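Quick notes on the structure that follows.
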Amino acid sequence: MKVVGQFVATFVVSVVFFGVALFLPAGTVDYWQAWVFLVVFAATTLLPSVYLAVKHPAALQRRMKGGPTAETRPIQRVVMVATVAAVVVQLVVSALDHRFGWSSVPSAVVVLGDVLVGVGLLVAQFVIIQNEYAAATITVEADQPVVSTGLYGLVRHPMYFGALVMMIGTPLALDSYWGLVLLVPACVALGARIVDEEEMLTEELAGYADYVEQVRFRLLPGVW
């Protein structure tokens, strides 16, 4: 029950954080795109997490231990700070874009953005179901196996693929094209995180070097 309480608290804080980061710079709560985004975020985060809380509580607990201070590698602390900053700025820029009308995003594109947000979050959650050792921090546990099936058979970092899809969809869902500009620093930070993570996994996780040979692409099939 402790992990459930921790998740509920984290979930509420996340929703409030997103609400403040959107409605404050937008200058209004009359922002239907933001409300739909929050509903999509809440639904695609809450339902899979309830399943994890029941079936795989240890995996959910690993997932909740994240953020710059939870990282043990210095470069990962820097990367996490950059990533969080990029996410916050993307939300704020998107809300300001909506407020001042810098972009003209059709409703159909907004809906597409919400679909991408939902798909990205569901992919990230499904990764945790496939790999109970998938955590929010870069760690290797004593009995941790290499997972090479399912989504891990397509790319080596499917959770980050889900995060990337969400980051692409977020500004569109929030009625903004200018928010897409923040994808550049976010992708740089994500790439740095992946490269450093793979260096550690190759050194510390038995069988990971063979897995790298088996699955060639880190994030995008056929690209990288």
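How things are named: the first chain in the structure tokens is A, the next is B, and so on; residues count from 1 in each chain; ligands count from 1 in the order shown.
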Quiz prompt | Contact residues around range 15-22 of chain A with only C-alpha atoms at 12 Å, ignoring same-chain residues under 6 positions, as a PyMOL selection string | solution = chain A and resi 8-9+28-43+45-46+85+87-99+170-171+173-175
Selected residues, C-alpha atoms, written as a compact mmCIF listing (two decimals), in the first residue's frame, please.
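The result, stored in again.txt:
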```
# COMPACT_ATOMS: atom_id res chain seq x y z
CA VAL A 8 -1.05 8.86 -5.87
CA ALA A 9 0.99 11.71 -4.38
CA THR A 28 -6.74 31.78 -18.64
CA VAL A 29 -8.35 28.45 -17.85
CA ASP A 30 -10.42 28.81 -21.03
CA TYR A 31 -7.89 26.69 -22.89
CA TRP A 32 -9.64 23.53 -24.07
CA GLN A 33 -6.52 22.12 -25.68
CA ALA A 34 -4.76 22.12 -22.30
CA TRP A 35 -7.71 20.46 -20.58
CA VAL A 36 -7.80 17.67 -23.17
CA PHE A 37 -4.03 17.25 -22.84
CA LEU A 38 -4.36 16.89 -19.06
CA VAL A 39 -7.11 14.29 -19.45
CA VAL A 40 -5.01 12.29 -21.92
CA PHE A 41 -1.97 12.54 -19.66
CA ALA A 42 -3.96 11.50 -16.59
CA ALA A 43 -5.70 8.56 -18.27
CA THR A 45 -0.56 7.48 -16.82
CA LEU A 46 -3.11 6.40 -14.24
CA ALA A 85 14.11 22.38 -18.28
CA VAL A 87 9.94 20.04 -20.92
CA VAL A 88 8.98 23.02 -18.75
CA VAL A 89 9.99 25.54 -21.40
CA GLN A 90 8.10 23.57 -24.05
CA LEU A 91 4.92 23.72 -21.96
CA VAL A 92 5.33 27.43 -21.24
CA VAL A 93 6.14 28.34 -24.84
CA SER A 94 3.18 26.32 -26.08
CA ALA A 95 0.84 28.07 -23.63
CA LEU A 96 2.22 31.50 -24.58
CA ASP A 97 1.81 30.57 -28.24
CA HIS A 98 -1.85 29.82 -27.59
CA ARG A 99 -2.30 33.04 -25.61
CA THR A 170 2.77 17.84 -26.70
CA PRO A 171 3.05 21.24 -28.44
CA ALA A 173 -1.87 19.05 -28.53
CA LEU A 174 -1.43 22.44 -26.83
CA ASP A 175 -2.18 24.47 -29.97
```
Exercise. Would you kindly return, as a list of chain:residue names, each protein, DNA or RNA residue with an atom no farther than 7 Å from any atom of Val215 in chain A, considering only C-alpha atoms and excluding same-chain residues fewer than 3 positions away?
Key: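 Counting only the stated atoms, we get A:Gly153, A:Leu154, A:Val155, A:Arg156, A:Tyr211, A:Val212.
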Practice problem: Give me every alpha helix (DSSP H) residue in range 32-207 of chain A, going by DSSP on the backbone, as a PyMOL selection string. | Solution: chain A and resi 32-55+57-64+74-100+107-130+158-173+183-204
Self-check item: For range 163-169 of chain A: contacts at 8 Å, only C-alpha atoms, fewer than 2 positions along chain excluded, given as a ChimeraX atom specification
Solution: /A:87,112-121,124,159-161,171-173,180,183,187
Written file, previous selection with N, CA, C and O atoms, as a PDB file, in the first residue's frame:
```
ATOM      1  N   VAL A  87      11.373  20.369 -21.034  1.00  0.00           N
ATOM      2  CA  VAL A  87       9.943  20.038 -20.923  1.00  0.00           C
ATOM      3  C   VAL A  87       9.157  21.235 -20.396  1.00  0.00           C
ATOM      4  O   VAL A  87       8.104  21.592 -20.928  1.00  0.00           O
ATOM      5  N   LEU A 112      -4.376  15.057 -33.312  1.00  0.00           N
ATOM      6  CA  LEU A 112      -3.219  14.219 -33.639  1.00  0.00           C
ATOM      7  C   LEU A 112      -2.168  14.326 -32.538  1.00  0.00           C
ATOM      8  O   LEU A 112      -1.567  13.311 -32.144  1.00  0.00           O
ATOM      9  N   GLY A 113      -1.946  15.541 -32.038  1.00  0.00           N
ATOM     10  CA  GLY A 113      -0.987  15.728 -30.951  1.00  0.00           C
ATOM     11  C   GLY A 113      -1.384  14.948 -29.714  1.00  0.00           C
ATOM     12  O   GLY A 113      -0.545  14.316 -29.071  1.00  0.00           O
ATOM     13  N   ASP A 114      -2.684  14.961 -29.380  1.00  0.00           N
ATOM     14  CA  ASP A 114      -3.153  14.202 -28.220  1.00  0.00           C
ATOM     15  C   ASP A 114      -2.965  12.702 -28.425  1.00  0.00           C
ATOM     16  O   ASP A 114      -2.626  11.977 -27.482  1.00  0.00           O
ATOM     17  N   VAL A 115      -3.176  12.236 -29.643  1.00  0.00           N
ATOM     18  CA  VAL A 115      -2.957  10.816 -29.944  1.00  0.00           C
ATOM     19  C   VAL A 115      -1.484  10.462 -29.739  1.00  0.00           C
ATOM     20  O   VAL A 115      -1.156   9.427 -29.133  1.00  0.00           O
ATOM     21  N   LEU A 116      -0.594  11.325 -30.218  1.00  0.00           N
ATOM     22  CA  LEU A 116       0.841  11.074 -30.053  1.00  0.00           C
ATOM     23  C   LEU A 116       1.227  11.075 -28.579  1.00  0.00           C
ATOM     24  O   LEU A 116       2.033  10.249 -28.133  1.00  0.00           O
ATOM     25  N   VAL A 117       0.667  11.993 -27.805  1.00  0.00           N
ATOM     26  CA  VAL A 117       0.941  12.036 -26.367  1.00  0.00           C
ATOM     27  C   VAL A 117       0.495  10.738 -25.712  1.00  0.00           C
ATOM     28  O   VAL A 117       1.230  10.121 -24.928  1.00  0.00           O
ATOM     29  N   GLY A 118      -0.723  10.302 -26.047  1.00  0.00           N
ATOM     30  CA  GLY A 118      -1.243   9.068 -25.466  1.00  0.00           C
ATOM     31  C   GLY A 118      -0.426   7.854 -25.856  1.00  0.00           C
ATOM     32  O   GLY A 118      -0.095   7.012 -25.009  1.00  0.00           O
ATOM     33  N   VAL A 119      -0.068   7.769 -27.136  1.00  0.00           N
ATOM     34  CA  VAL A 119       0.727   6.640 -27.613  1.00  0.00           C
ATOM     35  C   VAL A 119       2.101   6.634 -26.952  1.00  0.00           C
ATOM     36  O   VAL A 119       2.593   5.591 -26.510  1.00  0.00           O
ATOM     37  N   GLY A 120       2.737   7.798 -26.882  1.00  0.00           N
ATOM     38  CA  GLY A 120       4.060   7.880 -26.265  1.00  0.00           C
ATOM     39  C   GLY A 120       4.050   7.450 -24.818  1.00  0.00           C
ATOM     40  O   GLY A 120       4.916   6.687 -24.375  1.00  0.00           O
ATOM     41  N   LEU A 121       3.052   7.902 -24.068  1.00  0.00           N
ATOM     42  CA  LEU A 121       2.958   7.524 -22.658  1.00  0.00           C
ATOM     43  C   LEU A 121       2.654   6.037 -22.496  1.00  0.00           C
ATOM     44  O   LEU A 121       3.215   5.372 -21.619  1.00  0.00           O
ATOM     45  N   ALA A 124       5.785   4.005 -23.111  1.00  0.00           N
ATOM     46  CA  ALA A 124       6.682   4.073 -21.954  1.00  0.00           C
ATOM     47  C   ALA A 124       6.181   3.188 -20.816  1.00  0.00           C
ATOM     48  O   ALA A 124       6.969   2.509 -20.147  1.00  0.00           O
ATOM     49  N   MET A 159      11.602   2.969 -24.175  1.00  0.00           N
ATOM     50  CA  MET A 159      11.004   3.952 -23.262  1.00  0.00           C
ATOM     51  C   MET A 159      11.315   5.373 -23.729  1.00  0.00           C
ATOM     52  O   MET A 159      10.445   6.252 -23.708  1.00  0.00           O
ATOM     53  N   TYR A 160      12.534   5.593 -24.184  1.00  0.00           N
ATOM     54  CA  TYR A 160      12.905   6.915 -24.672  1.00  0.00           C
ATOM     55  C   TYR A 160      12.213   7.214 -26.004  1.00  0.00           C
ATOM     56  O   TYR A 160      11.915   8.370 -26.313  1.00  0.00           O
ATOM     57  N   PHE A 161      11.956   6.175 -26.782  1.00  0.00           N
ATOM     58  CA  PHE A 161      11.180   6.366 -28.013  1.00  0.00           C
ATOM     59  C   PHE A 161       9.787   6.890 -27.661  1.00  0.00           C
ATOM     60  O   PHE A 161       9.283   7.827 -28.284  1.00  0.00           O
ATOM     61  N   PRO A 171       3.380  19.894 -27.960  1.00  0.00           N
ATOM     62  CA  PRO A 171       3.051  21.242 -28.435  1.00  0.00           C
ATOM     63  C   PRO A 171       1.878  21.254 -29.421  1.00  0.00           C
ATOM     64  O   PRO A 171       1.070  22.190 -29.396  1.00  0.00           O
ATOM     65  N   LEU A 172       1.769  20.229 -30.236  1.00  0.00           N
ATOM     66  CA  LEU A 172       0.642  20.167 -31.171  1.00  0.00           C
ATOM     67  C   LEU A 172      -0.665  20.062 -30.393  1.00  0.00           C
ATOM     68  O   LEU A 172      -1.653  20.730 -30.714  1.00  0.00           O
ATOM     69  N   ALA A 173      -0.672  19.208 -29.368  1.00  0.00           N
ATOM     70  CA  ALA A 173      -1.866  19.052 -28.534  1.00  0.00           C
ATOM     71  C   ALA A 173      -2.218  20.353 -27.817  1.00  0.00           C
ATOM     72  O   ALA A 173      -3.390  20.592 -27.499  1.00  0.00           O
ATOM     73  N   LEU A 180       7.544  23.115 -30.827  1.00  0.00           N
ATOM     74  CA  LEU A 180       8.353  22.066 -31.453  1.00  0.00           C
ATOM     75  C   LEU A 180       9.837  22.426 -31.487  1.00  0.00           C
ATOM     76  O   LEU A 180      10.690  21.544 -31.591  1.00  0.00           O
ATOM     77  N   LEU A 183      12.224  20.685 -29.218  1.00  0.00           N
ATOM     78  CA  LEU A 183      12.629  19.307 -29.492  1.00  0.00           C
ATOM     79  C   LEU A 183      14.131  19.210 -29.715  1.00  0.00           C
ATOM     80  O   LEU A 183      14.739  18.182 -29.422  1.00  0.00           O
ATOM     81  N   CYS A 187      16.201  16.594 -27.680  1.00  0.00           N
ATOM     82  CA  CYS A 187      16.795  15.448 -28.374  1.00  0.00           C
ATOM     83  C   CYS A 187      18.292  15.352 -28.106  1.00  0.00           C
ATOM     84  O   CYS A 187      18.840  14.252 -28.001  1.00  0.00           O
TER      85      CYS A 187
END
```
Quiz item: For Thr202 in chain A, which residue among A:Val109, A:Leu24, A:Thr149, A:Val140 is the nearest when counting only C-alpha atoms?
Solution: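 Selected residue with least distance to Thr202 in chain A: A:Val140.
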